[in-house]
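The file model_17.txt contains compact mmCIF, C-alpha atoms:
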```
# COMPACT_ATOMS: atom_id res chain seq x y z
CA MET A 23 -58.28 -13.45 -19.18
CA ARG A 24 -61.18 -12.50 -21.39
CA ASN A 25 -61.96 -8.93 -22.49
CA GLY A 26 -59.68 -7.74 -19.69
CA TYR A 27 -61.47 -9.76 -17.00
CA GLU A 28 -60.00 -12.55 -14.94
CA VAL A 29 -62.47 -15.44 -15.21
CA TRP A 30 -63.32 -18.17 -12.74
CA ASP A 31 -65.77 -20.84 -13.86
CA ALA A 32 -67.18 -21.65 -10.43
CA HIS A 33 -69.35 -24.64 -11.37
CA CYS A 34 -67.75 -27.53 -13.28
CA HIS A 35 -68.04 -31.30 -13.00
CA ILE A 36 -65.18 -33.69 -13.75
CA TYR A 37 -64.92 -37.48 -13.79
CA PRO A 38 -62.18 -40.09 -14.22
CA GLU A 39 -61.51 -40.92 -17.86
CA LYS A 40 -62.82 -44.47 -17.54
CA ILE A 41 -66.28 -43.45 -16.31
CA ALA A 42 -66.67 -39.96 -17.80
CA GLU A 43 -68.83 -41.00 -20.74
CA ARG A 44 -71.22 -42.98 -18.52
CA ALA A 45 -71.40 -40.22 -15.89
CA VAL A 46 -72.15 -37.55 -18.48
CA ALA A 47 -74.84 -39.74 -20.04
CA GLY A 48 -76.48 -40.13 -16.62
CA THR A 49 -76.74 -36.37 -16.17
CA ASP A 50 -78.14 -36.02 -19.69
CA ALA A 51 -80.81 -38.57 -18.87
CA PHE A 52 -81.74 -36.78 -15.64
CA TYR A 53 -82.18 -33.39 -17.32
CA GLY A 54 -83.05 -34.35 -20.89
CA THR A 55 -79.95 -32.63 -22.29
CA ALA A 56 -77.11 -33.49 -24.67
CA ALA A 57 -73.77 -32.66 -23.08
CA ALA A 58 -71.46 -30.29 -24.92
CA CYS A 59 -68.24 -31.61 -23.36
CA ARG A 60 -66.60 -34.87 -22.31
CA GLY A 61 -66.40 -34.36 -18.55
CA THR A 62 -62.67 -35.00 -18.23
CA VAL A 63 -60.06 -32.72 -16.69
CA ARG A 64 -58.14 -32.41 -19.95
CA ASP A 65 -61.22 -31.48 -21.95
CA LEU A 66 -62.24 -28.86 -19.37
CA ILE A 67 -58.83 -27.20 -19.22
CA ASP A 68 -58.41 -27.21 -23.00
CA ARG A 69 -61.84 -25.72 -23.65
CA GLY A 70 -61.46 -23.22 -20.85
CA THR A 71 -58.05 -22.09 -22.02
CA ALA A 72 -59.39 -21.48 -25.51
CA ALA A 73 -62.26 -19.46 -24.00
CA GLY A 74 -60.02 -17.31 -21.79
CA ILE A 75 -61.04 -18.91 -18.48
CA ASP A 76 -58.34 -18.75 -15.83
CA ARG A 77 -59.59 -21.09 -13.11
CA PHE A 78 -62.23 -23.77 -12.57
CA VAL A 79 -64.05 -24.87 -9.42
CA VAL A 80 -64.48 -28.62 -9.90
CA GLN A 81 -66.67 -31.18 -8.19
CA SER A 82 -68.57 -34.44 -8.47
CA VAL A 83 -71.52 -35.90 -6.55
CA ALA A 84 -71.66 -39.10 -4.50
CA THR A 85 -74.84 -41.09 -5.10
CA THR A 86 -73.92 -43.63 -2.37
CA PRO A 87 -71.92 -43.25 0.85
CA LYS A 88 -69.21 -45.64 -0.34
CA GLN A 89 -68.34 -43.31 -3.24
CA VAL A 90 -67.50 -40.32 -1.04
CA ARG A 91 -63.84 -40.90 -0.26
CA SER A 92 -62.87 -42.17 -3.70
CA ILE A 93 -64.51 -39.17 -5.36
CA ASN A 94 -62.81 -36.74 -2.99
CA GLU A 95 -59.43 -38.37 -3.57
CA PHE A 96 -59.99 -38.14 -7.33
CA ILE A 97 -60.87 -34.44 -7.10
CA ALA A 98 -57.81 -33.77 -4.93
CA ALA A 99 -55.55 -35.62 -7.38
CA ALA A 100 -57.04 -33.66 -10.28
CA VAL A 101 -56.33 -30.40 -8.47
CA ALA A 102 -52.73 -31.48 -7.83
CA GLU A 103 -52.26 -32.27 -11.51
CA GLY A 104 -54.39 -29.42 -12.84
CA GLU A 105 -51.65 -26.97 -13.81
CA GLY A 106 -52.64 -24.66 -10.96
CA ARG A 107 -55.99 -24.04 -12.66
CA LEU A 108 -58.36 -26.02 -10.42
CA THR A 109 -60.04 -25.40 -7.07
CA GLY A 110 -61.64 -28.57 -5.75
CA LEU A 111 -64.83 -29.20 -3.79
CA GLY A 112 -65.48 -32.45 -1.95
CA THR A 113 -68.67 -34.46 -1.80
CA ILE A 114 -70.61 -35.90 1.13
CA HIS A 115 -73.59 -38.23 1.38
CA PRO A 116 -76.29 -37.83 4.06
CA ALA A 117 -76.41 -41.58 4.75
CA SER A 118 -72.70 -41.79 5.60
CA GLU A 119 -71.87 -43.54 8.87
CA ASN A 120 -68.97 -41.12 9.44
CA MET A 121 -69.96 -37.69 8.17
CA GLU A 122 -67.46 -35.88 10.38
CA GLY A 123 -64.67 -38.16 9.21
CA ASP A 124 -65.62 -37.61 5.57
CA ILE A 125 -65.53 -33.83 5.97
CA ARG A 126 -62.27 -33.80 7.90
CA HIS A 127 -60.77 -36.06 5.23
CA LEU A 128 -61.73 -33.75 2.38
CA VAL A 129 -60.26 -30.81 4.32
CA GLU A 130 -57.02 -32.78 4.81
CA LEU A 131 -56.99 -33.35 1.05
CA GLY A 132 -56.94 -29.58 0.55
CA LEU A 133 -60.43 -29.27 -0.91
CA ARG A 134 -62.00 -25.84 -0.47
CA GLY A 135 -65.66 -26.66 0.10
CA ILE A 136 -68.45 -29.20 -0.26
CA LYS A 137 -70.92 -29.91 -3.08
CA ILE A 138 -74.26 -31.64 -2.57
CA HIS A 139 -77.04 -32.38 -5.05
CA PRO A 140 -80.22 -33.17 -3.12
CA ASP A 141 -82.25 -34.02 -6.22
CA ILE A 142 -79.81 -36.65 -7.47
CA GLN A 143 -79.02 -37.91 -3.96
CA LYS A 144 -82.78 -37.96 -3.20
CA TYR A 145 -82.54 -36.32 0.20
CA ARG A 146 -84.13 -33.00 1.14
CA ILE A 147 -81.70 -30.17 1.96
CA ASP A 148 -83.45 -29.76 5.31
CA ASP A 149 -83.28 -33.47 6.17
CA PRO A 150 -81.72 -33.69 9.66
CA LEU A 151 -79.24 -36.20 8.25
CA PHE A 152 -77.45 -33.22 6.65
CA PHE A 153 -77.38 -31.15 9.86
CA PRO A 154 -74.13 -32.55 11.33
CA ALA A 155 -72.41 -31.66 8.04
CA PHE A 156 -73.86 -28.15 8.06
CA GLU A 157 -72.82 -27.65 11.69
CA LEU A 158 -69.25 -28.81 11.06
CA ALA A 159 -68.93 -26.86 7.82
CA GLN A 160 -70.16 -23.76 9.65
CA SER A 161 -67.58 -24.24 12.40
CA LEU A 162 -64.79 -24.80 9.84
CA ASP A 163 -65.97 -21.87 7.65
CA LEU A 164 -66.25 -24.34 4.77
CA PRO A 165 -68.59 -23.17 1.98
CA ILE A 166 -71.23 -25.53 0.58
CA LEU A 167 -72.35 -25.41 -3.05
CA ILE A 168 -75.86 -26.86 -3.25
CA HIS A 169 -77.83 -27.72 -6.34
CA THR A 170 -81.04 -25.77 -5.76
CA GLY A 171 -84.40 -25.92 -7.46
CA ASP A 172 -86.35 -28.29 -9.67
CA TYR A 173 -90.01 -27.92 -10.56
CA ARG A 174 -90.29 -31.72 -10.73
CA TYR A 175 -89.23 -32.47 -7.14
CA ASP A 176 -89.24 -31.08 -3.62
CA TYR A 177 -85.71 -31.81 -2.45
CA SER A 178 -83.95 -28.47 -3.04
CA ASN A 179 -86.54 -25.76 -3.59
CA PRO A 180 -86.55 -22.55 -1.50
CA ASN A 181 -88.91 -24.01 1.10
CA ARG A 182 -86.19 -26.59 1.84
CA LEU A 183 -83.24 -24.19 1.67
CA LEU A 184 -84.68 -21.42 3.85
CA PRO A 185 -84.75 -23.48 7.07
CA VAL A 186 -81.08 -24.38 6.57
CA LEU A 187 -80.00 -20.80 5.99
CA ARG A 188 -81.86 -19.73 9.14
CA ALA A 189 -80.66 -22.62 11.33
CA PHE A 190 -77.02 -22.17 10.30
CA PRO A 191 -76.59 -18.41 9.86
CA ARG A 192 -72.80 -18.55 9.58
CA LEU A 193 -72.82 -21.35 6.98
CA ARG A 194 -71.74 -19.95 3.62
CA VAL A 195 -74.09 -21.43 1.01
CA ILE A 196 -73.88 -21.06 -2.76
CA GLY A 197 -77.25 -21.84 -4.32
CA ALA A 198 -76.51 -23.15 -7.79
CA HIS A 199 -78.58 -22.02 -10.78
CA PHE A 200 -79.62 -18.67 -9.26
CA GLY A 201 -80.91 -20.46 -6.18
CA GLY A 202 -83.63 -22.36 -8.01
CA TRP A 203 -83.16 -24.18 -11.31
CA SER A 204 -86.33 -23.88 -13.43
CA ILE A 205 -88.02 -21.69 -10.78
CA TRP A 206 -85.59 -18.78 -10.94
CA GLU A 207 -87.85 -15.83 -10.18
CA GLU A 208 -89.74 -17.68 -7.46
CA ALA A 209 -86.43 -18.52 -5.80
CA ALA A 210 -85.14 -14.95 -6.02
CA GLU A 211 -88.36 -13.66 -4.48
CA GLN A 212 -87.79 -15.83 -1.41
CA LEU A 213 -84.00 -15.94 -1.13
CA ALA A 214 -82.56 -12.59 -2.21
CA GLY A 215 -81.00 -10.61 0.61
CA ILE A 216 -80.23 -13.52 2.93
CA PRO A 217 -76.76 -12.69 4.24
CA ASN A 218 -75.19 -16.15 4.14
CA LEU A 219 -76.35 -16.98 0.58
CA TRP A 220 -74.57 -16.55 -2.74
CA VAL A 221 -75.82 -17.93 -6.07
CA ASP A 222 -74.23 -18.97 -9.35
CA CYS A 223 -75.60 -18.43 -12.84
CA SER A 224 -74.94 -21.92 -14.20
CA SER A 225 -77.57 -23.87 -16.19
CA THR A 226 -79.84 -20.86 -16.42
CA MET A 227 -79.39 -19.13 -19.78
CA PRO A 228 -79.55 -22.35 -21.85
CA PHE A 229 -82.88 -23.32 -20.27
CA MET A 230 -84.60 -19.97 -20.81
CA PRO A 231 -86.21 -18.99 -24.13
CA ALA A 232 -83.47 -17.16 -26.04
CA GLY A 233 -85.56 -14.00 -26.39
CA GLU A 234 -86.00 -13.73 -22.60
CA VAL A 235 -82.38 -14.13 -21.43
CA ALA A 236 -81.36 -10.48 -21.91
CA ALA A 237 -84.12 -9.29 -19.60
CA ARG A 238 -84.47 -12.08 -17.07
CA VAL A 239 -80.83 -12.78 -16.19
CA PRO A 240 -79.80 -9.15 -15.48
CA ALA A 241 -82.98 -8.82 -13.41
CA LEU A 242 -81.94 -11.84 -11.34
CA ILE A 243 -78.47 -10.36 -10.87
CA ARG A 244 -79.96 -7.08 -9.69
CA ARG A 245 -82.28 -8.93 -7.32
CA TYR A 246 -79.48 -10.82 -5.59
CA GLY A 247 -76.82 -8.13 -6.10
CA ALA A 248 -73.77 -8.49 -8.33
CA ASP A 249 -71.65 -9.04 -5.22
CA ARG A 250 -73.61 -12.27 -4.56
CA VAL A 251 -73.45 -13.94 -8.00
CA LEU A 252 -70.73 -16.26 -9.33
CA PHE A 253 -70.20 -17.16 -12.96
CA GLY A 254 -70.47 -20.89 -13.71
CA SER A 255 -70.91 -22.99 -16.83
CA ASP A 256 -72.04 -26.36 -15.39
CA ALA A 257 -69.60 -28.05 -17.76
CA PRO A 258 -69.74 -30.67 -19.20
CA MET A 259 -73.46 -30.06 -19.64
CA TRP A 260 -72.67 -26.78 -21.41
CA ASP A 261 -69.59 -25.49 -23.23
CA PRO A 262 -67.73 -23.00 -20.98
CA ALA A 263 -66.89 -20.85 -24.03
CA ALA A 264 -70.54 -20.55 -25.06
CA GLU A 265 -71.63 -19.79 -21.49
CA LEU A 266 -68.98 -17.09 -21.13
CA ASP A 267 -69.96 -15.57 -24.48
CA ALA A 268 -73.60 -15.48 -23.37
CA PHE A 269 -72.72 -13.87 -20.04
CA LEU A 270 -70.55 -11.19 -21.64
CA ALA A 271 -73.38 -10.37 -24.05
CA LEU A 272 -75.83 -9.59 -21.23
CA PRO A 273 -76.94 -5.94 -21.21
CA ASP A 274 -77.15 -3.55 -18.25
CA LEU A 275 -74.09 -4.85 -16.36
CA THR A 276 -71.26 -2.51 -15.39
CA ASP A 277 -67.58 -3.36 -15.54
CA ASP A 278 -67.63 -3.71 -11.77
CA ASP A 279 -70.59 -6.10 -11.99
CA ARG A 280 -68.75 -8.29 -14.48
CA ARG A 281 -65.52 -8.23 -12.49
CA LEU A 282 -67.34 -9.32 -9.34
CA ILE A 283 -69.29 -12.09 -11.04
CA LEU A 284 -66.46 -13.39 -13.21
CA SER A 285 -63.83 -13.74 -10.49
CA GLU A 286 -63.90 -11.60 -7.36
CA ASN A 287 -66.90 -13.26 -5.72
CA ALA A 288 -65.51 -16.75 -6.32
CA LYS A 289 -62.17 -15.71 -4.84
CA GLY A 290 -63.95 -14.39 -1.79
CA VAL A 291 -65.97 -17.58 -1.31
CA TYR A 292 -63.33 -20.20 -2.12
CA GLY A 293 -60.10 -18.30 -1.57
CA GLY A 294 -58.09 -16.65 -4.34
```
Write-out of the structure in structure tokens:
Amino acid sequence: MRNGYEVWDAHCHIYPEKIAERAVAGTDAFYGTAAACRGTVRDLIDRGTAAGIDRFVVQSVATTPKQVRSINEFIAAAVAEGEGRLTGLGTIHPASENMEGDIRHLVELGLRGIKIHPDIQKYRIDDPLFFPAFELAQSLDLPILIHTGDYRYDYSNPNRLLPVLRAFPRLRVIGAHFGGWSIWEEAAEQLAGIPNLWVDCSSTMPFMPAGEVAARVPALIRRYGADRVLFGSDAPMWDPAAELDAFLALPDLTDDDRRLILSENAKGVYGG
């Protein structure tokens, strides 16, 4: 608990101890950042506990099809050993020869959703290779957290996400980074109000000029609606404590807004 609020960090990445340093360095190279955390389960739980975070939604991304099952088994094992603090998402890869089998396997492992990162995987969200996964996830009521937005590429921007949301209207999609990393307002203009879309606030405040955060982030929350926004830190890229401090310092949010964003929306999406 923090300031009387239950807190779910709904966007965290974890890696096995032996590869965590290399995996974190790869993300830093992709975004030009310097990670605040180590990327291990122990580091995440320790930092989160100190910050007053109650639960973490954890994930990793497969960059090749052969990584899918080993990553999902690692996430499931981490959840089992995570002191009751972790909710796990599985990964898929669009070039898999057995997409249905991969998804049914991650469900059997007890994972609560799917994470994809089109920009790192280098496949457009609206590539038909993803469609069997979207269809099955829709039929299983399995939410999909998608990295969305990047001014440098055209894999996950709103023009790619909109066709998916329309083609699969019962698919519950969480658009990371307010639906469009680095193009936040443009994304909100196109995506706000779509009934099967939620967004998270991860990797937004640290990338905005500090003097603009207090105006721009509450405006994004109002645009989507507080009942459609999830709190997330994007650890290990950012320190969960610092991200939570920054969120709690935002002006113009009611107690109900904060309660929804900090835990209730994540419970509704992933199951409390």
Point (-80.1, -34.8, 6.2) neighbourhood (12 Å, all atoms listed in the file) written as a list of chain:residue names: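 Within 12 Å of (-80.1, -34.8, 6.2), the protein and nucleic acid residues are A:Ile114, A:His115, A:Pro116, A:Ala117, A:Ser118, A:Met121, A:Ile138, A:His139, A:Pro140, A:Gln143, A:Lys144, A:Tyr145, A:Arg146, A:Ile147, A:Asp148, A:Asp149, A:Pro150, A:Leu151, A:Phe152, A:Phe153, A:Pro154, A:Ala155, A:Phe156, A:Glu157, A:Tyr177, A:Ser178, A:Arg182, A:Leu183, A:Val186.
Across A:Thr276, A:Thr71, A:Thr49, A:Asn218, the tightest approach to Trp30 (chain A) is made by A:Thr71 when counting all atoms listed in the file.
Nearest residue to Ile196 (chain A) among A:Ala288, A:Leu275, A:Ile125, A:Leu162 is A:Ala288, counting only C-alpha atoms.
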Residues within 10 Å of Phe52 (chain A), all atoms listed in the file, excluding chain neighbours under 4 positions, as JSON, numbers by chain: {"A": [47, 48, 141, 142]}
Report, in Å with one decimal, the straight-line distance from CA of Phe200 (chain A) to CA of Gly70 (chain A).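 Computing the Euclidean distance for CA of Phe200 (chain A) and CA of Gly70 (chain A) yields 22.0 Å.
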Exercise: Gly294 (chain A) partners within 12 Å, all atoms listed in the file, chain neighbours under 2 positions left out, as a ChimeraX atom specification: /A:28-30,76-79,106-109,134,285-292
At a cut-off of 10 Å around the point (-66.2, -36.9, -22.2) (file coordinates), what residues fall inside when counting all atoms listed in the file? I'd like the answer as a PyMOL selection string. chain A and resi 36-47+57-66+258
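Between CA of Asn181 (chain A) and CA of Gly197 (chain A) the separation is 13.0 Å.
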Go through A:Val235, A:Ile205, A:Ala56, A:Leu133 and flag the residue nearest Ile93 (chain A), using all atoms listed in the file for the distances.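 Among the listed residues, A:Leu133 lies closest to Ile93 (chain A).
Reported to one decimal place, the separation of CA of Ala232 (chain A) from CA of Trp206 (chain A) is 15.3 Å.
With all atoms listed in the file as the basis for measurement, A:Ala237 is the residue among A:Ala84, A:Ala257, A:Ala237, A:Leu187 that approaches Pro273 (chain A) most closely.
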Using only C-alpha atoms, the best pick from A:Ala189, A:Arg244, A:Ala100, A:Pro231 as closest to Glu211 (chain A) would be A:Arg244
Find the spatial neighbours of Ala72 (chain A), counting all atoms listed in the file, within a cut-off of 12 Å - ignore same-chain residues fewer than 6 positions away - and output them as JSON, numbers by chain. {"A": [23, 24, 65, 66, 261, 262, 263, 264, 266]}
For Asp50 (chain A), the nearest of the candidates A:Leu167, A:Ala159, A:Ala73, A:Met259, counting only C-alpha atoms: A:Met259
List the spatial neighbours of Leu213 (chain A) as a ChimeraX atom specification - criterion: any atom at most 8 Å away, all atoms listed in the file, same-chain residues fewer than 4 positions off excluded. /A:180,184,201,209,219
Take the selection from the previous step and output its residues with C-alpha atoms, as a PDB file, in the coordinates of the input.
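Contents of result.pdb, as written:
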```
ATOM      1  CA  PRO A 180     -86.550 -22.550  -1.500  1.00  0.00           C
ATOM      2  CA  LEU A 184     -84.680 -21.420   3.850  1.00  0.00           C
ATOM      3  CA  GLY A 201     -80.910 -20.460  -6.180  1.00  0.00           C
ATOM      4  CA  ALA A 209     -86.430 -18.520  -5.800  1.00  0.00           C
ATOM      5  CA  LEU A 219     -76.350 -16.980   0.580  1.00  0.00           C
TER       6      LEU A 219
END
```
